[in-house]
file coords_35.cif (mmCIF, C-alpha atoms)
data_run
loop_
_atom_site.group_PDB
_atom_site.id
_atom_site.type_symbol
_atom_site.label_atom_id
_atom_site.label_comp_id
_atom_site.auth_asym_id
_atom_site.auth_seq_id
_atom_site.Cartn_x
_atom_site.Cartn_y
_atom_site.Cartn_z
ATOM 1 C CA MET F 1 -27.081 57.705 -16.038
ATOM 2 C CA LEU F 2 -25.275 54.477 -16.967
ATOM 3 C CA SER F 3 -23.236 52.787 -14.239
ATOM 4 C CA LYS F 4 -21.469 49.482 -13.764
ATOM 5 C CA THR F 5 -21.917 47.500 -10.575
ATOM 6 C CA ARG F 6 -21.894 43.984 -9.200
ATOM 7 C CA GLY F 7 -25.138 42.731 -7.712
ATOM 8 C CA ILE F 8 -26.500 39.716 -5.813
ATOM 9 C CA VAL F 9 -30.001 38.468 -6.635
ATOM 10 C CA LEU F 10 -32.310 38.341 -3.582
ATOM 11 C CA HIS F 11 -35.809 37.924 -4.963
ATOM 12 C CA SER F 12 -37.737 38.206 -8.220
ATOM 13 C CA MET F 13 -41.413 38.295 -9.096
ATOM 14 C CA PRO F 14 -43.417 38.782 -12.312
ATOM 15 C CA TYR F 15 -44.865 42.263 -12.717
ATOM 16 C CA ASN F 16 -46.794 41.841 -15.970
ATOM 17 C CA ASP F 17 -46.460 40.025 -19.284
ATOM 18 C CA THR F 18 -43.448 42.164 -20.163
ATOM 19 C CA TYR F 19 -41.352 42.657 -17.033
ATOM 20 C CA THR F 20 -40.096 40.909 -13.909
ATOM 21 C CA ILE F 21 -39.102 42.902 -10.831
ATOM 22 C CA VAL F 22 -35.746 41.752 -9.441
ATOM 23 C CA HIS F 23 -34.572 42.864 -5.991
ATOM 24 C CA MET F 24 -30.794 42.876 -5.602
ATOM 25 C CA TYR F 25 -28.088 43.915 -3.191
ATOM 26 C CA THR F 26 -25.542 45.855 -5.221
ATOM 27 C CA GLU F 27 -21.986 46.906 -4.556
ATOM 28 C CA SER F 28 -22.541 50.508 -5.698
ATOM 29 C CA PHE F 29 -26.130 51.278 -4.652
ATOM 30 C CA GLY F 30 -27.043 48.939 -1.779
ATOM 31 C CA ARG F 31 -30.528 47.416 -1.964
ATOM 32 C CA THR F 32 -32.005 48.165 -5.401
ATOM 33 C CA SER F 33 -34.974 46.990 -7.486
ATOM 34 C CA TYR F 34 -34.754 46.517 -11.247
ATOM 35 C CA TRP F 35 -37.032 46.004 -14.216
ATOM 36 C CA VAL F 36 -35.964 42.969 -16.242
ATOM 37 C CA ALA F 37 -37.654 42.172 -19.558
ATOM 38 C CA ARG F 38 -39.382 38.772 -19.491
ATOM 39 C CA ASN F 39 -38.804 38.116 -23.199
ATOM 40 C CA ARG F 40 -35.274 38.433 -24.491
ATOM 41 C CA GLY F 41 -35.203 40.209 -27.839
ATOM 42 C CA ARG F 42 -32.786 42.042 -30.062
ATOM 43 C CA LYS F 43 -32.990 45.180 -27.925
ATOM 44 C CA THR F 44 -31.971 43.585 -24.635
ATOM 45 C CA MET F 45 -28.693 42.065 -23.464
ATOM 46 C CA VAL F 46 -30.234 40.486 -20.365
ATOM 47 C CA SER F 47 -31.246 36.861 -19.896
ATOM 48 C CA ARG F 48 -33.777 36.108 -17.149
ATOM 49 C CA ALA F 49 -31.952 32.822 -16.535
ATOM 50 C CA LEU F 50 -29.178 34.829 -14.869
ATOM 51 C CA PHE F 51 -31.427 35.939 -12.016
ATOM 52 C CA PHE F 52 -31.375 32.788 -9.874
ATOM 53 C CA PRO F 53 -31.395 33.504 -6.085
ATOM 54 C CA LEU F 54 -27.871 34.380 -4.890
ATOM 55 C CA SER F 55 -26.530 34.711 -8.444
ATOM 56 C CA VAL F 56 -23.713 37.265 -8.539
ATOM 57 C CA LEU F 57 -23.815 39.474 -11.631
ATOM 58 C CA GLU F 58 -21.785 42.159 -13.329
ATOM 59 C CA MET F 59 -24.245 44.709 -14.679
ATOM 60 C CA GLU F 60 -24.545 47.898 -16.634
ATOM 61 C CA VAL F 61 -27.569 49.713 -15.259
ATOM 62 C CA GLU F 62 -29.547 52.904 -15.694
ATOM 63 C CA HIS F 63 -29.569 54.343 -12.187
ATOM 64 C CA LEU F 64 -31.354 57.518 -11.153
ATOM 65 C CA ASN F 65 -31.720 58.330 -7.450
ATOM 66 C CA THR F 66 -35.115 59.899 -8.174
ATOM 67 C CA ARG F 67 -36.527 56.537 -9.347
ATOM 68 C CA ASP F 68 -37.672 53.656 -7.158
ATOM 69 C CA MET F 69 -37.171 51.168 -9.996
ATOM 70 C CA GLN F 70 -33.981 51.002 -12.058
ATOM 71 C CA ARG F 71 -33.219 49.272 -15.360
ATOM 72 C CA VAL F 72 -30.605 46.664 -16.248
ATOM 73 C CA ARG F 73 -29.040 47.295 -19.641
ATOM 74 C CA GLU F 74 -26.536 44.421 -19.669
ATOM 75 C CA ALA F 75 -25.736 41.575 -17.272
ATOM 76 C CA LYS F 76 -23.407 38.600 -17.049
ATOM 77 C CA SER F 77 -22.337 36.210 -14.287
ATOM 78 C CA CYS F 78 -19.343 37.169 -12.168
ATOM 79 C CA TYR F 79 -18.725 33.453 -11.729
ATOM 80 C CA SER F 80 -20.773 30.502 -12.834
ATOM 81 C CA LEU F 81 -22.977 28.747 -10.276
ATOM 82 C CA THR F 82 -23.179 25.068 -11.154
ATOM 83 C CA SER F 83 -23.299 23.057 -7.915
ATOM 84 C CA ILE F 84 -25.799 25.373 -6.157
ATOM 85 C CA PRO F 85 -28.573 24.900 -8.764
ATOM 86 C CA ALA F 86 -27.752 21.191 -9.239
ATOM 87 C CA ASN F 87 -27.300 20.135 -5.593
ATOM 88 C CA PRO F 88 -30.720 19.896 -3.840
ATOM 89 C CA VAL F 89 -29.297 20.753 -0.413
ATOM 90 C CA LYS F 90 -27.298 23.752 -1.673
ATOM 91 C CA ASN F 91 -30.296 24.853 -3.736
ATOM 92 C CA ILE F 92 -32.591 24.981 -0.706
ATOM 93 C CA ILE F 93 -29.928 26.702 1.396
ATOM 94 C CA ALA F 94 -29.537 29.346 -1.329
ATOM 95 C CA LEU F 95 -33.301 29.976 -1.457
ATOM 96 C CA PHE F 96 -33.449 30.235 2.342
ATOM 97 C CA LEU F 97 -30.513 32.639 2.618
ATOM 98 C CA ALA F 98 -31.755 34.748 -0.288
ATOM 99 C CA GLU F 99 -35.057 35.192 1.565
ATOM 100 C CA ILE F 100 -33.166 36.129 4.754
ATOM 101 C CA LEU F 101 -31.206 38.785 2.844
ATOM 102 C CA TYR F 102 -34.356 40.037 1.129
ATOM 103 C CA ARG F 103 -35.898 40.648 4.569
ATOM 104 C CA ALA F 104 -32.761 41.891 6.341
ATOM 105 C CA LEU F 105 -31.080 44.205 3.820
ATOM 106 C CA ARG F 106 -33.203 47.339 3.497
ATOM 107 C CA THR F 107 -30.769 50.215 3.149
ATOM 108 C CA LYS F 108 -30.002 51.824 -0.188
ATOM 109 C CA GLU F 109 -26.590 52.882 1.094
ATOM 110 C CA PRO F 110 -23.727 50.749 -0.248
ATOM 111 C CA ASP F 111 -21.558 48.792 2.176
ATOM 112 C CA ALA F 112 -18.373 47.436 0.574
ATOM 113 C CA ARG F 113 -17.513 45.120 3.502
ATOM 114 C CA LEU F 114 -20.979 43.582 3.569
ATOM 115 C CA PHE F 115 -21.019 43.081 -0.189
ATOM 116 C CA GLU F 116 -17.618 41.395 -0.127
ATOM 117 C CA TYR F 117 -18.770 39.096 2.694
ATOM 118 C CA LEU F 118 -21.819 38.039 0.677
ATOM 119 C CA TYR F 119 -19.762 37.644 -2.500
ATOM 120 C CA GLU F 120 -17.186 35.383 -0.854
ATOM 121 C CA SER F 121 -19.829 33.430 1.107
ATOM 122 C CA ILE F 122 -21.642 32.485 -2.093
ATOM 123 C CA ARG F 123 -18.332 31.250 -3.516
ATOM 124 C CA TRP F 124 -17.866 29.121 -0.397
ATOM 125 C CA LEU F 125 -21.313 27.576 -0.839
ATOM 126 C CA GLU F 126 -20.634 26.885 -4.512
ATOM 127 C CA LEU F 127 -17.257 25.223 -3.902
ATOM 128 C CA SER F 128 -17.781 23.502 -0.524
ATOM 129 C CA GLU F 129 -18.048 19.726 -0.417
ATOM 130 C CA GLN F 130 -18.047 19.164 3.353
ATOM 131 C CA GLY F 131 -19.959 20.760 6.196
ATOM 132 C CA ILE F 132 -22.712 22.046 3.903
ATOM 133 C CA ALA F 133 -25.362 21.251 6.535
ATOM 134 C CA ASN F 134 -23.761 23.927 8.742
ATOM 135 C CA PHE F 135 -23.237 26.553 6.055
ATOM 136 C CA HIS F 136 -26.427 28.510 6.709
ATOM 137 C CA LEU F 137 -25.698 28.588 10.461
ATOM 138 C CA VAL F 138 -22.265 30.111 9.893
ATOM 139 C CA PHE F 139 -23.696 32.519 7.327
ATOM 140 C CA LEU F 140 -26.443 33.799 9.640
ATOM 141 C CA MET F 141 -24.168 34.248 12.639
ATOM 142 C CA GLU F 142 -21.522 36.110 10.618
ATOM 143 C CA LEU F 143 -24.113 38.244 8.823
ATOM 144 C CA VAL F 144 -25.219 39.929 12.051
ATOM 145 C CA ARG F 145 -21.643 41.153 12.492
ATOM 146 C CA TYR F 146 -22.062 43.249 9.326
ATOM 147 C CA LEU F 147 -25.537 44.348 10.385
ATOM 148 C CA GLY F 148 -24.114 45.776 13.600
ATOM 149 C CA VAL F 149 -25.841 43.446 16.082
ATOM 150 C CA TYR F 150 -23.208 40.758 16.720
ATOM 151 C CA PRO F 151 -23.569 39.039 20.128
ATOM 152 C CA ASN F 152 -21.035 39.606 22.887
ATOM 153 C CA ALA F 153 -19.231 36.256 22.857
ATOM 154 C CA GLU F 154 -16.723 37.376 25.500
ATOM 155 C CA SER F 155 -19.485 37.378 28.113
ATOM 156 C CA TYR F 156 -19.830 33.571 27.929
ATOM 157 C CA ARG F 157 -19.164 31.518 31.057
ATOM 158 C CA VAL F 158 -19.992 27.886 31.772
ATOM 159 C CA GLY F 159 -23.571 27.687 33.024
ATOM 160 C CA CYS F 160 -24.599 31.035 31.528
ATOM 161 C CA ILE F 161 -27.697 31.608 29.434
ATOM 162 C CA PHE F 162 -27.931 33.865 26.398
ATOM 163 C CA ASP F 163 -30.098 36.979 26.542
ATOM 164 C CA LEU F 164 -31.423 37.351 22.967
ATOM 165 C CA LEU F 165 -32.750 40.855 23.535
ATOM 166 C CA ASN F 166 -29.508 42.340 24.870
ATOM 167 C CA GLY F 167 -27.091 40.094 22.978
ATOM 168 C CA VAL F 168 -25.076 38.925 25.996
ATOM 169 C CA PHE F 169 -24.546 35.813 28.087
ATOM 170 C CA THR F 170 -25.716 36.228 31.655
ATOM 171 C CA GLY F 171 -25.733 34.219 34.876
ATOM 172 C CA GLN F 172 -29.391 34.874 35.673
ATOM 173 C CA PRO F 173 -32.560 34.712 33.527
ATOM 174 C CA PRO F 174 -33.613 38.236 32.449
ATOM 175 C CA GLU F 175 -37.040 39.599 33.297
ATOM 176 C CA HIS F 176 -38.227 39.308 29.680
ATOM 177 C CA ARG F 177 -38.925 36.002 27.863
ATOM 178 C CA HIS F 178 -36.404 36.312 25.030
ATOM 179 C CA TYR F 179 -33.528 34.154 26.226
ATOM 180 C CA LEU F 180 -32.022 30.707 25.625
ATOM 181 C CA ASN F 181 -31.878 28.017 28.266
ATOM 182 C CA GLU F 182 -28.501 26.630 29.319
ATOM 183 C CA GLU F 183 -28.455 23.831 26.721
ATOM 184 C CA GLU F 184 -29.444 26.198 23.907
ATOM 185 C CA SER F 185 -26.849 28.711 25.086
ATOM 186 C CA ILE F 186 -24.063 26.134 24.800
ATOM 187 C CA ILE F 187 -25.097 25.423 21.200
ATOM 188 C CA PHE F 188 -25.331 29.149 20.475
ATOM 189 C CA PHE F 189 -21.801 29.680 21.792
ATOM 190 C CA ARG F 190 -20.571 26.843 19.570
ATOM 191 C CA LEU F 191 -22.083 28.659 16.593
ATOM 192 C CA LEU F 192 -20.067 31.762 17.459
ATOM 193 C CA ARG F 193 -16.870 29.693 17.156
ATOM 194 C CA MET F 194 -17.740 28.248 13.745
ATOM 195 C CA ASN F 195 -16.550 29.517 10.370
ATOM 196 C CA TYR F 196 -16.535 28.231 6.804
ATOM 197 C CA LYS F 197 -13.144 26.569 7.279
ATOM 198 C CA ASN F 198 -14.067 24.524 10.367
ATOM 199 C CA MET F 199 -17.832 24.051 9.868
ATOM 200 C CA ALA F 200 -17.397 20.387 8.862
ATOM 201 C CA VAL F 201 -16.026 19.594 12.332
ATOM 202 C CA TYR F 202 -19.276 20.491 14.140
ATOM 203 C CA SER F 203 -22.325 18.233 14.346
ATOM 204 C CA PHE F 204 -25.840 18.802 15.665
ATOM 205 C CA SER F 205 -28.875 16.598 16.132
ATOM 206 C CA ARG F 206 -32.037 17.136 14.075
ATOM 207 C CA HIS F 207 -33.783 18.630 17.111
ATOM 208 C CA GLU F 208 -30.860 20.966 17.830
ATOM 209 C CA ARG F 209 -30.774 22.195 14.220
ATOM 210 C CA THR F 210 -34.518 22.797 14.069
ATOM 211 C CA ASN F 211 -34.595 24.627 17.372
ATOM 212 C CA ILE F 212 -31.506 26.776 16.860
ATOM 213 C CA ILE F 213 -32.642 28.026 13.431
ATOM 214 C CA HIS F 214 -35.832 29.333 15.030
ATOM 215 C CA ARG F 215 -33.864 30.934 17.860
ATOM 216 C CA ILE F 216 -31.472 32.642 15.417
ATOM 217 C CA LEU F 217 -34.459 33.991 13.492
ATOM 218 C CA GLU F 218 -35.896 35.236 16.784
ATOM 219 C CA TYR F 219 -32.625 37.115 17.357
ATOM 220 C CA TYR F 220 -32.969 38.674 13.897
ATOM 221 C CA ARG F 221 -36.569 39.734 14.585
ATOM 222 C CA LEU F 222 -35.576 41.342 17.883
ATOM 223 C CA HIS F 223 -32.736 43.363 16.392
ATOM 224 C CA LEU F 224 -33.828 44.177 12.826
ATOM 225 C CA SER F 225 -36.878 46.308 12.104
ATOM 226 C CA ASP F 226 -39.518 44.913 9.737
ATOM 227 C CA PHE F 227 -37.937 41.465 9.690
ATOM 228 C CA HIS F 228 -40.949 39.366 8.752
ATOM 229 C CA GLU F 229 -41.656 35.642 8.825
ATOM 230 C CA ILE F 230 -39.283 33.516 6.735
ATOM 231 C CA LYS F 231 -41.498 31.205 4.701
ATOM 232 C CA SER F 232 -38.708 28.937 3.454
ATOM 233 C CA VAL F 233 -37.625 27.915 6.975
ATOM 234 C CA ALA F 234 -40.057 24.983 6.815
ATOM 235 C CA ILE F 235 -38.315 23.720 3.679
ATOM 236 C CA MET F 236 -34.946 24.114 5.404
ATOM 237 C CA GLN F 237 -36.152 21.999 8.329
ATOM 238 C CA SER F 238 -37.251 19.239 5.968
ATOM 239 C CA LEU F 239 -33.618 18.753 4.902
ATOM 240 C CA PHE F 240 -32.784 17.336 8.317
ATOM 241 C CA ASP F 241 -35.940 15.308 9.023
#
call {"tool": "encode", "arguments": {"input": "coords_35.cif", "output": "structure tokens"}}
result
Amino acid sequence: MLSKTRGIVLHSMPYNDTYTIVHMYTESFGRTSYWVARNRGRKTMVSRALFFPLSVLEMEVEHLNTRDMQRVREAKSCYSLTSIPANPVKNIIALFLAEILYRALRTKEPDARLFEYLYESIRWLELSEQGIANFHLVFLMELVRYLGVYPNAESYRVGCIFDLLNGVFTGQPPEHRHYLNEEESIIFFRLLRMNYKNMAVYSFSRHERTNIIHRILEYYRLHLSDFHEIKSVAIMQSLFD
């Protein structure tokens, strides 16, 4: 069955000499895996160069619910990404966030609100000129809203600490070990107030950035099943060393 859908590239890997497997988050089918021919010939309308991490594509696909792997018949960019591939900082951020999405988005059920958030966020990254160092922080904190595990920001009070396991600010340390100290909790609350429009106003030290990324990833691991180690986080940290 031929269908048209938009899709966001999360991860790709060679399968054999003929095909690459591309994992995408699509508007119509949720998380989906596709065969993409490695050599472009007369019988294919698909260029492998389109499948850069976080590329947003318009596609015509063969989609059968009985198959684990689908096929892309035609593909073209929804909008051209020029600054993300060319800008080293944006490039690394894109690779990092694509890996996050690859680990976090597992469902094959479509979610129009989530797809639109991702679509518009990638446009922000492409077009932004200021506050880029904070983009991934805003992205990660907003993403959990669409994943259904957004923290309770209204529980914040001066002097509170953040309970990572229960997603609330509290006046006393919980009995488990998954919580932020007071200094980390202040930074975490600042993150909850950030967005793409004001992200250039906020600044963090190298130590604060390194630490808070790990704490955000800990929050993801606690609340999302099968959320494995993010290998590209080390590369992200190197941006701020």
call {"tool": "closest_residue", "arguments": {"input": "coords_35.cif", "among": "F:Asn91, F:Ile187, F:Phe135, F:Val144", "to": "Cys160 in chain F", "atoms": "only C-alpha atoms"}}
result
F:Ile187
call {"tool": "residues_around", "arguments": {"input": "coords_35.cif", "residues": "Met1 in chain F", "least_positions_apart": "4", "cutoff": "8 Å", "atoms": "only C-alpha atoms", "output": "PyMOL selection string"}}
result
chain F and resi 62-64
call {"tool": "closest_residue", "arguments": {"input": "coords_35.cif", "among": "F:Leu164, F:Leu192, F:Ile100, F:Ile235", "to": "Leu180 in chain F", "atoms": "all atoms listed in the file"}}
result
F:Leu164
call {"tool": "closest_atom_pairs", "arguments": {"input": "coords_35.cif", "of": "range 54-163 of chain F", "to": "range 9-30 of chain F", "cutoff": "6 Å", "atoms": "all atoms listed in the file", "output": "Markdown table"}}
result
| residue | atom | partner | partner_atom | distance |
| --- | --- | --- | --- | --- |
| F:Leu54 | CA | F:Val9 | CA | 4.9 |
| F:Ser55 | CA | F:Val9 | CA | 5.4 |
| F:Ala98 | CA | F:Leu10 | CA | 4.9 |
| F:Tyr102 | CA | F:Leu10 | CA | 5.4 |
| F:Lys108 | CA | F:Gly30 | CA | 4.4 |
| F:Glu109 | CA | F:Gly30 | CA | 4.9 |
| F:Pro110 | CA | F:Gly30 | CA | 4.1 |
| F:Phe115 | CA | F:Glu27 | CA | 5.9 |
call {"tool": "write_last_selection", "arguments": {"input": "coords_35.cif", "atoms": "C-alpha atoms", "output": "PDB file, in the coordinates of the input"}}
result
ATOM      1  CA  LEU F  54     -27.871  34.380  -4.890  1.00  0.00           C
ATOM      2  CA  SER F  55     -26.530  34.711  -8.444  1.00  0.00           C
ATOM      3  CA  ALA F  98     -31.755  34.748  -0.288  1.00  0.00           C
ATOM      4  CA  TYR F 102     -34.356  40.037   1.129  1.00  0.00           C
ATOM      5  CA  LYS F 108     -30.002  51.824  -0.188  1.00  0.00           C
ATOM      6  CA  GLU F 109     -26.590  52.882   1.094  1.00  0.00           C
ATOM      7  CA  PRO F 110     -23.727  50.749  -0.248  1.00  0.00           C
ATOM      8  CA  PHE F 115     -21.019  43.081  -0.189  1.00  0.00           C
TER       9      PHE F 115
END
call {"tool": "closest_residue", "arguments": {"input": "coords_35.cif", "among": "F:Glu182, F:Tyr196, F:Pro88, F:Phe188", "to": "Glu120 in chain F", "atoms": "all atoms listed in the file"}}
result
F:Tyr196
call {"tool": "resolve_selection", "arguments": {"input": "coords_35.cif", "expression": "the PyMOL selection byres ((chain F and resi 61) around 6)", "output": "list in words"}}
result
Leu2, Ser3, Glu60, Glu62, His63, Arg71, Val72 and Arg73 of chain F
call {"tool": "axis_aligned_box", "arguments": {"input": "coords_35.cif", "around": "range 127-131 of chain F", "padding_each_side": "4 Å", "output": "lines of an AutoDock Vina configuration file"}}
result
center_x = -18.6
center_y = 22.2
center_z = 1.1
size_x = 10.7
size_y = 14.1
size_z = 18.1
call {"tool": "resolve_selection", "arguments": {"input": "coords_35.cif", "expression": "the PyMOL selection byres ((chain F and resi 89) around 12)", "output": "PyMOL selection string"}}
result
chain F and resi 83-88+90-96+125-126+128-136+235-240
call {"tool": "closest_residue", "arguments": {"input": "coords_35.cif", "among": "F:Leu140, F:Ala234, F:Ile186, F:Leu118", "to": "Ala153 in chain F", "atoms": "all atoms listed in the file"}}
result
F:Ile186
call {"tool": "closest_residue", "arguments": {"input": "coords_35.cif", "among": "F:Arg157, F:Pro174, F:Glu184, F:Leu105", "to": "Leu143 in chain F", "atoms": "all atoms listed in the file"}}
result
F:Leu105
call {"tool": "resolve_selection", "arguments": {"input": "coords_35.cif", "expression": "the PyMOL selection byres ((chain F and resi 151) around 8)", "output": "list in words"}}
result
Val149, Tyr150, Asn152, Ala153, Gly167 and Val168 of chain F
call {"tool": "build_atoms", "arguments": {"input": "coords_35.cif", "residues": "range 133-156 of chain F", "atoms": "N, CA and C atoms", "output": "PDB file, keeping the file's coordinate frame"}}
result
ATOM      1  N   ALA F 133     -24.209  21.184   5.628  1.00  0.00           N
ATOM      2  CA  ALA F 133     -25.362  21.251   6.535  1.00  0.00           C
ATOM      3  C   ALA F 133     -25.218  22.367   7.570  1.00  0.00           C
ATOM      4  N   ASN F 134     -23.990  22.846   7.770  1.00  0.00           N
ATOM      5  CA  ASN F 134     -23.761  23.927   8.742  1.00  0.00           C
ATOM      6  C   ASN F 134     -23.568  25.277   8.072  1.00  0.00           C
ATOM      7  N   PHE F 135     -23.566  25.309   6.748  1.00  0.00           N
ATOM      8  CA  PHE F 135     -23.237  26.553   6.055  1.00  0.00           C
ATOM      9  C   PHE F 135     -24.172  27.690   6.441  1.00  0.00           C
ATOM     10  N   HIS F 136     -25.476  27.433   6.430  1.00  0.00           N
ATOM     11  CA  HIS F 136     -26.427  28.510   6.709  1.00  0.00           C
ATOM     12  C   HIS F 136     -26.299  29.024   8.143  1.00  0.00           C
ATOM     13  N   LEU F 137     -25.885  28.161   9.074  1.00  0.00           N
ATOM     14  CA  LEU F 137     -25.698  28.588  10.461  1.00  0.00           C
ATOM     15  C   LEU F 137     -24.527  29.562  10.567  1.00  0.00           C
ATOM     16  N   VAL F 138     -23.419  29.210   9.910  1.00  0.00           N
ATOM     17  CA  VAL F 138     -22.265  30.111   9.893  1.00  0.00           C
ATOM     18  C   VAL F 138     -22.636  31.428   9.220  1.00  0.00           C
ATOM     19  N   PHE F 139     -23.315  31.337   8.086  1.00  0.00           N
ATOM     20  CA  PHE F 139     -23.696  32.519   7.327  1.00  0.00           C
ATOM     21  C   PHE F 139     -24.533  33.476   8.177  1.00  0.00           C
ATOM     22  N   LEU F 140     -25.545  32.954   8.857  1.00  0.00           N
ATOM     23  CA  LEU F 140     -26.443  33.799   9.640  1.00  0.00           C
ATOM     24  C   LEU F 140     -25.741  34.442  10.824  1.00  0.00           C
ATOM     25  N   MET F 141     -24.852  33.691  11.477  1.00  0.00           N
ATOM     26  CA  MET F 141     -24.168  34.248  12.639  1.00  0.00           C
ATOM     27  C   MET F 141     -23.141  35.300  12.236  1.00  0.00           C
ATOM     28  N   GLU F 142     -22.489  35.110  11.091  1.00  0.00           N
ATOM     29  CA  GLU F 142     -21.522  36.110  10.618  1.00  0.00           C
ATOM     30  C   GLU F 142     -22.231  37.331  10.042  1.00  0.00           C
ATOM     31  N   LEU F 143     -23.389  37.128   9.430  1.00  0.00           N
ATOM     32  CA  LEU F 143     -24.113  38.244   8.823  1.00  0.00           C
ATOM     33  C   LEU F 143     -24.450  39.323   9.845  1.00  0.00           C
ATOM     34  N   VAL F 144     -24.834  38.923  11.055  1.00  0.00           N
ATOM     35  CA  VAL F 144     -25.219  39.929  12.051  1.00  0.00           C
ATOM     36  C   VAL F 144     -24.044  40.813  12.445  1.00  0.00           C
ATOM     37  N   ARG F 145     -22.823  40.320  12.231  1.00  0.00           N
ATOM     38  CA  ARG F 145     -21.643  41.153  12.492  1.00  0.00           C
ATOM     39  C   ARG F 145     -21.664  42.380  11.575  1.00  0.00           C
ATOM     40  N   TYR F 146     -22.036  42.162  10.307  1.00  0.00           N
ATOM     41  CA  TYR F 146     -22.062  43.249   9.326  1.00  0.00           C
ATOM     42  C   TYR F 146     -23.313  44.108   9.465  1.00  0.00           C
ATOM     43  N   LEU F 147     -24.321  43.577  10.143  1.00  0.00           N
ATOM     44  CA  LEU F 147     -25.537  44.348  10.385  1.00  0.00           C
ATOM     45  C   LEU F 147     -25.452  45.138  11.689  1.00  0.00           C
ATOM     46  N   GLY F 148     -24.343  44.980  12.402  1.00  0.00           N
ATOM     47  CA  GLY F 148     -24.114  45.776  13.600  1.00  0.00           C
ATOM     48  C   GLY F 148     -24.764  45.260  14.864  1.00  0.00           C
ATOM     49  N   VAL F 149     -25.169  43.978  14.881  1.00  0.00           N
ATOM     50  CA  VAL F 149     -25.841  43.446  16.082  1.00  0.00           C
ATOM     51  C   VAL F 149     -25.212  42.111  16.505  1.00  0.00           C
ATOM     52  N   TYR F 150     -23.887  42.007  16.375  1.00  0.00           N
ATOM     53  CA  TYR F 150     -23.208  40.758  16.720  1.00  0.00           C
ATOM     54  C   TYR F 150     -23.232  40.540  18.236  1.00  0.00           C
ATOM     55  N   PRO F 151     -23.512  39.309  18.684  1.00  0.00           N
ATOM     56  CA  PRO F 151     -23.569  39.039  20.128  1.00  0.00           C
ATOM     57  C   PRO F 151     -22.211  39.239  20.805  1.00  0.00           C
ATOM     58  N   ASN F 152     -22.248  39.476  22.092  1.00  0.00           N
ATOM     59  CA  ASN F 152     -21.035  39.606  22.887  1.00  0.00           C
ATOM     60  C   ASN F 152     -20.581  38.218  23.341  1.00  0.00           C
ATOM     61  N   ALA F 153     -19.691  37.611  22.553  1.00  0.00           N
ATOM     62  CA  ALA F 153     -19.231  36.256  22.857  1.00  0.00           C
ATOM     63  C   ALA F 153     -18.321  36.221  24.075  1.00  0.00           C
ATOM     64  N   GLU F 154     -17.655  37.332  24.375  1.00  0.00           N
ATOM     65  CA  GLU F 154     -16.723  37.376  25.500  1.00  0.00           C
ATOM     66  C   GLU F 154     -17.431  37.264  26.839  1.00  0.00           C
ATOM     67  N   SER F 155     -18.739  37.456  26.852  1.00  0.00           N
ATOM     68  CA  SER F 155     -19.485  37.378  28.113  1.00  0.00           C
ATOM     69  C   SER F 155     -19.826  35.937  28.501  1.00  0.00           C
ATOM     70  N   TYR F 156     -19.459  34.962  27.650  1.00  0.00           N
ATOM     71  CA  TYR F 156     -19.830  33.571  27.929  1.00  0.00           C
ATOM     72  C   TYR F 156     -19.041  32.995  29.105  1.00  0.00           C
TER      73      TYR F 156
END
